[in-house]
Structures are given as C-alpha cells and as structure tokens.
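To start, the structure under review is shown below, and the notes come after it.
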Amino acid sequence: MPKIGRTDEAKTYAYSETETKQIRDAVRKHIAEEHRDLASTLLILGSYTSLSKSEFAGLDWEDFDPVEKVLHVSRSRVEGKEGHTKTKARVRKQPLNAVTVQQLLHYKSKTLGTGPIFCGITGAFDGRPLNFKYFEKLIKAALQTEKVRWHGWHAFRRAFATNLYH
C-alpha cells in the first residue's frame with residue numbers, strides 16, 4: 001500500500017548550499033515586493049540556523065542581539081499558542097553569522113521592531129501569528145517557476161546540521 005503524506009525522503013532531506021541559494025534567489029525574483037523581505041528573512045534564518053517553524057514563530061525582537069550575534073531561543077508558538085520549546089535542550093543562544101544579522105537588521109527596519117519577529121497572517125505586523133502555510137505556498141510558486149524542488153522547512157534544519165558536520 002502506498003504511503004500517504006510525507007515520504008522518507010521528505011523526513012531526511014537536507015538542502016545543499018546550492019539549493020538554498022537557488023531557493024533564496026527564486027524568492028527574491030518571483031515573490032511580490034510586499035512579502036519579499038519576510039520570505040527572504042525566513043529563508044536566511046532557515047539556511048543559517050537550526051530553528052524549527054515553532055521556534056521561528058516564538059521569536060520576539062527582544063530575543064535578537066545583533067551585538068552578540070545571537071538569537072535567544074526560549075519559547076515556541078504553535079497555531080498562535082505560546083509555550084515552551086519542544087525540549088529543554090532547544091532553549092539556547094543560537095549563534096548568527098554576519099549575513100543573518102544583516103538580514104534581521106534590514107527586516108527589523110521594515111517592521112514595528114517590537115513584539116514577535118514574524119507576525120501577521122500575511123506578514124502584516126498585526127500581532128496575529130504568521131501563517132507559515134501561506135508563505136510556503138508563495139515560496140513553492142516561486143520555486144516552481146524556477147524549477148527548483150521544495151522539500152519543506154525541516155530540510156533547512158537538516159542542511160544546517162549536515163553543513164556543520166562537514
């Protein structure tokens with residue numbers, strides 16, 4: 001009987017550095033300007049950190065320290081409900097590279113600069129939780145135009161771990 005839902009490949013796939021660049025380039029090229037900064041910031045963080053979607057959603061601007069170049073990961077948000085991270089080990093200072101710090105500073109200048117980093121069903125900074133499915137749909141459409149395959153957000157986490165290992 002065929003499997004329904006995620007395949008084993010979807011659970012274990014790790015984007016290569018080339019693929020993450022292709023994804024970011026496709027988004028810059030094909031996503032509408034009003035969503036581009038948010039989508040680019042999500043993808044940069046996905047590419048250069050080990051954050052999960054719930055940890056992205058749990059980030060507030062007070063968690064971002066551009067001087068120390070870290071994100072203080074201390075909570076998650078799932079379907080708008082704030083809670084603890086999945087495990088105690090996930091509470092951490094997430095180091096950031098210069099590209100990520102620069103992107104976050106750029107994105108912060110376009111937002112309210114307080115409260116959740118990623119908010120608004122469509123990125124409208126209205127205090128509501130960000131709808132990742134909405135942005136995933138936009139990203140997938142951009143990738144389809146460029147014939148780049150989407151393997152999901154978790155493939156960024158796996159890529160980050162793989163790249164650290166190598």
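Ordered as shown in the structure tokens, chains take letters A, B, and onward, while each chain numbers its residues from 1 and ligands are numbered from 1 in the order shown.
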Next item on the list: Excluding region 79-82 of chain A and any residue of its chain fewer than 6 positions from it, enumerate the residues within 12 Å of it, using only C-alpha atoms, and give them as a PyMOL selection string.
Entry: chain A and resi 53-60+116+118-121+127-133
Margin query: Among chain A, which residues does DSSP mark as strand (DSSP E) when it is run on the backbone? Keep the chain and numbering as in the structure and answer as JSON, numbers by chain.
Written below: {"A": [64, 65, 70, 71, 72, 73, 76, 77, 78, 81, 82, 83, 92, 93, 94, 95]}
Any chance you can output those residues with all heavy atoms as a compact mmCIF listing (two decimals), in the first residue's frame?
```txt
# COMPACT_ATOMS: atom_id res chain seq x y z
N PHE A 64 16.57 38.98 19.80
CA PHE A 64 17.62 39.22 18.82
C PHE A 64 18.66 40.17 19.40
O PHE A 64 18.35 41.29 19.78
CB PHE A 64 17.02 39.80 17.54
CG PHE A 64 18.01 40.26 16.51
CD1 PHE A 64 19.07 39.46 16.10
CD2 PHE A 64 17.87 41.50 15.93
CE1 PHE A 64 19.97 39.89 15.14
CE2 PHE A 64 18.76 41.96 14.95
CZ PHE A 64 19.81 41.15 14.57
N ASP A 65 19.91 39.71 19.49
CA ASP A 65 21.01 40.54 19.97
C ASP A 65 22.02 40.69 18.85
O ASP A 65 22.87 39.80 18.65
CB ASP A 65 21.66 39.90 21.20
CG ASP A 65 22.74 40.76 21.82
OD1 ASP A 65 23.28 41.66 21.14
OD2 ASP A 65 23.06 40.54 23.01
N VAL A 70 23.42 36.76 18.30
CA VAL A 70 22.69 35.57 18.72
C VAL A 70 21.19 35.84 18.73
O VAL A 70 20.75 36.99 18.81
CB VAL A 70 23.10 35.07 20.13
CG1 VAL A 70 24.54 34.64 20.18
CG2 VAL A 70 22.79 36.09 21.20
N LEU A 71 20.45 34.76 18.66
CA LEU A 71 19.02 34.75 18.95
C LEU A 71 18.85 33.96 20.23
O LEU A 71 19.41 32.87 20.37
CB LEU A 71 18.23 34.07 17.83
CG LEU A 71 17.97 34.85 16.57
CD1 LEU A 71 17.37 33.95 15.50
CD2 LEU A 71 17.06 36.04 16.84
N HIS A 72 18.12 34.50 21.18
CA HIS A 72 17.81 33.79 22.42
C HIS A 72 16.53 33.00 22.18
O HIS A 72 15.44 33.58 22.15
CB HIS A 72 17.66 34.76 23.59
CG HIS A 72 18.91 35.54 23.86
ND1 HIS A 72 19.90 35.06 24.69
CD2 HIS A 72 19.33 36.73 23.40
CE1 HIS A 72 20.88 35.94 24.74
NE2 HIS A 72 20.56 36.97 23.96
N VAL A 73 16.66 31.71 21.98
CA VAL A 73 15.52 30.83 21.71
C VAL A 73 15.02 30.31 23.05
O VAL A 73 15.74 29.58 23.73
CB VAL A 73 15.91 29.67 20.77
CG1 VAL A 73 14.72 28.78 20.48
CG2 VAL A 73 16.52 30.21 19.48
N SER A 76 8.26 28.64 21.98
CA SER A 76 7.74 28.30 20.66
C SER A 76 6.30 28.79 20.59
O SER A 76 5.69 29.09 21.61
CB SER A 76 7.81 26.79 20.43
OG SER A 76 6.92 26.11 21.29
N ARG A 77 5.81 28.90 19.39
CA ARG A 77 4.40 29.22 19.18
C ARG A 77 3.87 28.25 18.14
O ARG A 77 4.46 28.12 17.07
CB ARG A 77 4.21 30.66 18.70
CG ARG A 77 4.43 31.70 19.75
CD ARG A 77 4.03 33.11 19.31
NE ARG A 77 4.37 34.07 20.34
CZ ARG A 77 5.44 34.87 20.31
NH1 ARG A 77 6.27 34.83 19.29
NH2 ARG A 77 5.68 35.70 21.30
N VAL A 78 2.79 27.59 18.49
CA VAL A 78 2.14 26.65 17.58
C VAL A 78 0.69 27.06 17.48
O VAL A 78 0.00 27.15 18.50
CB VAL A 78 2.27 25.19 18.07
CG1 VAL A 78 1.55 24.24 17.14
CG2 VAL A 78 3.74 24.80 18.21
N LYS A 81 -0.44 29.71 19.85
CA LYS A 81 -0.33 29.48 21.29
C LYS A 81 1.14 29.39 21.69
O LYS A 81 1.88 28.57 21.18
CB LYS A 81 -1.09 28.22 21.69
CG LYS A 81 -2.58 28.36 21.46
CD LYS A 81 -3.32 27.11 21.85
CE LYS A 81 -4.80 27.33 21.54
NZ LYS A 81 -5.56 26.13 21.67
N GLU A 82 1.51 30.28 22.61
CA GLU A 82 2.90 30.31 23.07
C GLU A 82 3.12 29.25 24.12
O GLU A 82 2.26 29.01 24.98
CB GLU A 82 3.19 31.70 23.64
CG GLU A 82 4.64 31.90 23.99
CD GLU A 82 4.93 33.33 24.40
OE1 GLU A 82 4.61 34.25 23.63
OE2 GLU A 82 5.47 33.50 25.50
N GLY A 83 4.28 28.61 24.05
CA GLY A 83 4.63 27.59 25.03
C GLY A 83 6.13 27.41 25.10
O GLY A 83 6.90 28.19 24.55
N ARG A 92 18.22 27.96 23.97
CA ARG A 92 19.64 28.18 23.69
C ARG A 92 19.88 29.57 23.14
O ARG A 92 18.97 30.29 22.77
CB ARG A 92 20.12 27.16 22.65
CG ARG A 92 19.46 27.35 21.28
CD ARG A 92 19.61 26.13 20.40
NE ARG A 92 19.02 26.23 19.10
CZ ARG A 92 17.73 26.09 18.81
NH1 ARG A 92 16.86 25.89 19.78
NH2 ARG A 92 17.29 26.17 17.57
N LYS A 93 21.17 29.89 23.07
CA LYS A 93 21.62 31.05 22.31
C LYS A 93 22.01 30.52 20.93
O LYS A 93 22.97 29.75 20.82
CB LYS A 93 22.83 31.71 22.97
CG LYS A 93 22.54 32.52 24.17
CD LYS A 93 23.81 33.19 24.64
CE LYS A 93 23.59 34.03 25.86
NZ LYS A 93 24.83 34.68 26.30
N GLN A 94 21.26 30.90 19.91
CA GLN A 94 21.54 30.45 18.55
C GLN A 94 22.51 31.43 17.91
O GLN A 94 22.15 32.58 17.66
CB GLN A 94 20.24 30.39 17.73
CG GLN A 94 20.44 30.08 16.27
CD GLN A 94 20.95 28.67 16.03
OE1 GLN A 94 20.35 27.71 16.48
NE2 GLN A 94 22.06 28.56 15.33
N PRO A 95 23.76 31.02 17.66
CA PRO A 95 24.71 31.92 17.01
C PRO A 95 24.25 32.30 15.61
O PRO A 95 23.62 31.51 14.91
CB PRO A 95 26.01 31.10 16.93
CG PRO A 95 25.81 29.94 17.85
CD PRO A 95 24.34 29.71 17.94
```
Next item on the list: For CA of Gln22 (chain A) and CA of His35 (chain A), determine how far apart the two atoms are, in Å to one decimal place.
Entry: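 A separation of 17.8 Å between them.
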Check: In terms of the shortest atom-to-atom distance over only C-alpha atoms, which of A:Leu96, A:Leu104, A:Ala14, A:Ala32 is closest to Ala142 (chain A)?
Finding: A:Ala32
Next item on the list: For Lys108 (chain A), please output as a PyMOL selection string all residues within 9 Å (counting only C-alpha atoms; exclusion window: fewer than 5 positions along the same chain).
Entry: chain A and resi 61+103+113-114+117
Next item on the list: Can you check which residues of region 21-108 of chain A DSSP gives as alpha helix (DSSP H) on the backbone and send them as an NGL selection string?
Entry: :A and (21-30 or 33-48 or 53-58 or 98-108)
Notebook entry, point to check: Separation of CA of Ser16 (chain A) and CA of Ala141 (chain A), in Å?
Noted result: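 Going from CA of Ser16 (chain A) over to CA of Ala141 (chain A) covers 20.1 Å.
For the set A:Ala39, A:Ala155, A:Ile31, A:Val67, the residue with the smallest atom-to-atom gap to Val101 (chain A) is A:Val67, counting only C-alpha atoms.
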Item checked: Spatial neighbours of Trp153 (chain A), 8 Å, only C-alpha atoms, chain gap at least 2 places, as a list in words ->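 Selected residues are Gly46, Ser52, Lys53, His151, Ala155, Phe156 and Arg157 of chain A.
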Next item on the list: Using only C-alpha atoms, find the one residue out of A:Val27, A:Leu105, A:Val99, A:Ala159 that sits nearest to Thr145 (chain A).
Entry: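 Closest residue, counting only C-alpha atoms: A:Val27.
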Next item on the list: Between CA of Gln102 (chain A) and CA of Thr41 (chain A), measure the distance and give it in Å to one decimal.
Entry: 9.9 Å
Next item on the list: Go through A:Leu112, A:Ala89, A:Ala98, A:Leu138 and flag the residue nearest Trp150 (chain A), using only C-alpha atoms for the distances.
Entry: A:Leu138
Checklist line | Nearest-residue call for Leu45 (chain A), choices A:Glu68, A:Tyr107, A:Gln144, A:Tyr134, using only C-alpha atoms | finding: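 Once distances to Leu45 (chain A) are computed over only C-alpha atoms, the minimum belongs to A:Tyr107.
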Item checked: Nearest-residue call for Lys21 (chain A), choices A:Ile44, A:Asp63, A:Val91, A:Leu38, using only C-alpha atoms -> A:Ile44
Item checked: Residue contacts of Arg149 (chain A) (9 Å, only C-alpha atoms) excluding same-chain residues fewer than 3 positions away, as a list in words -> Glu19, Ile23, Lys140, Leu143, Gln144 and Glu146 of chain A
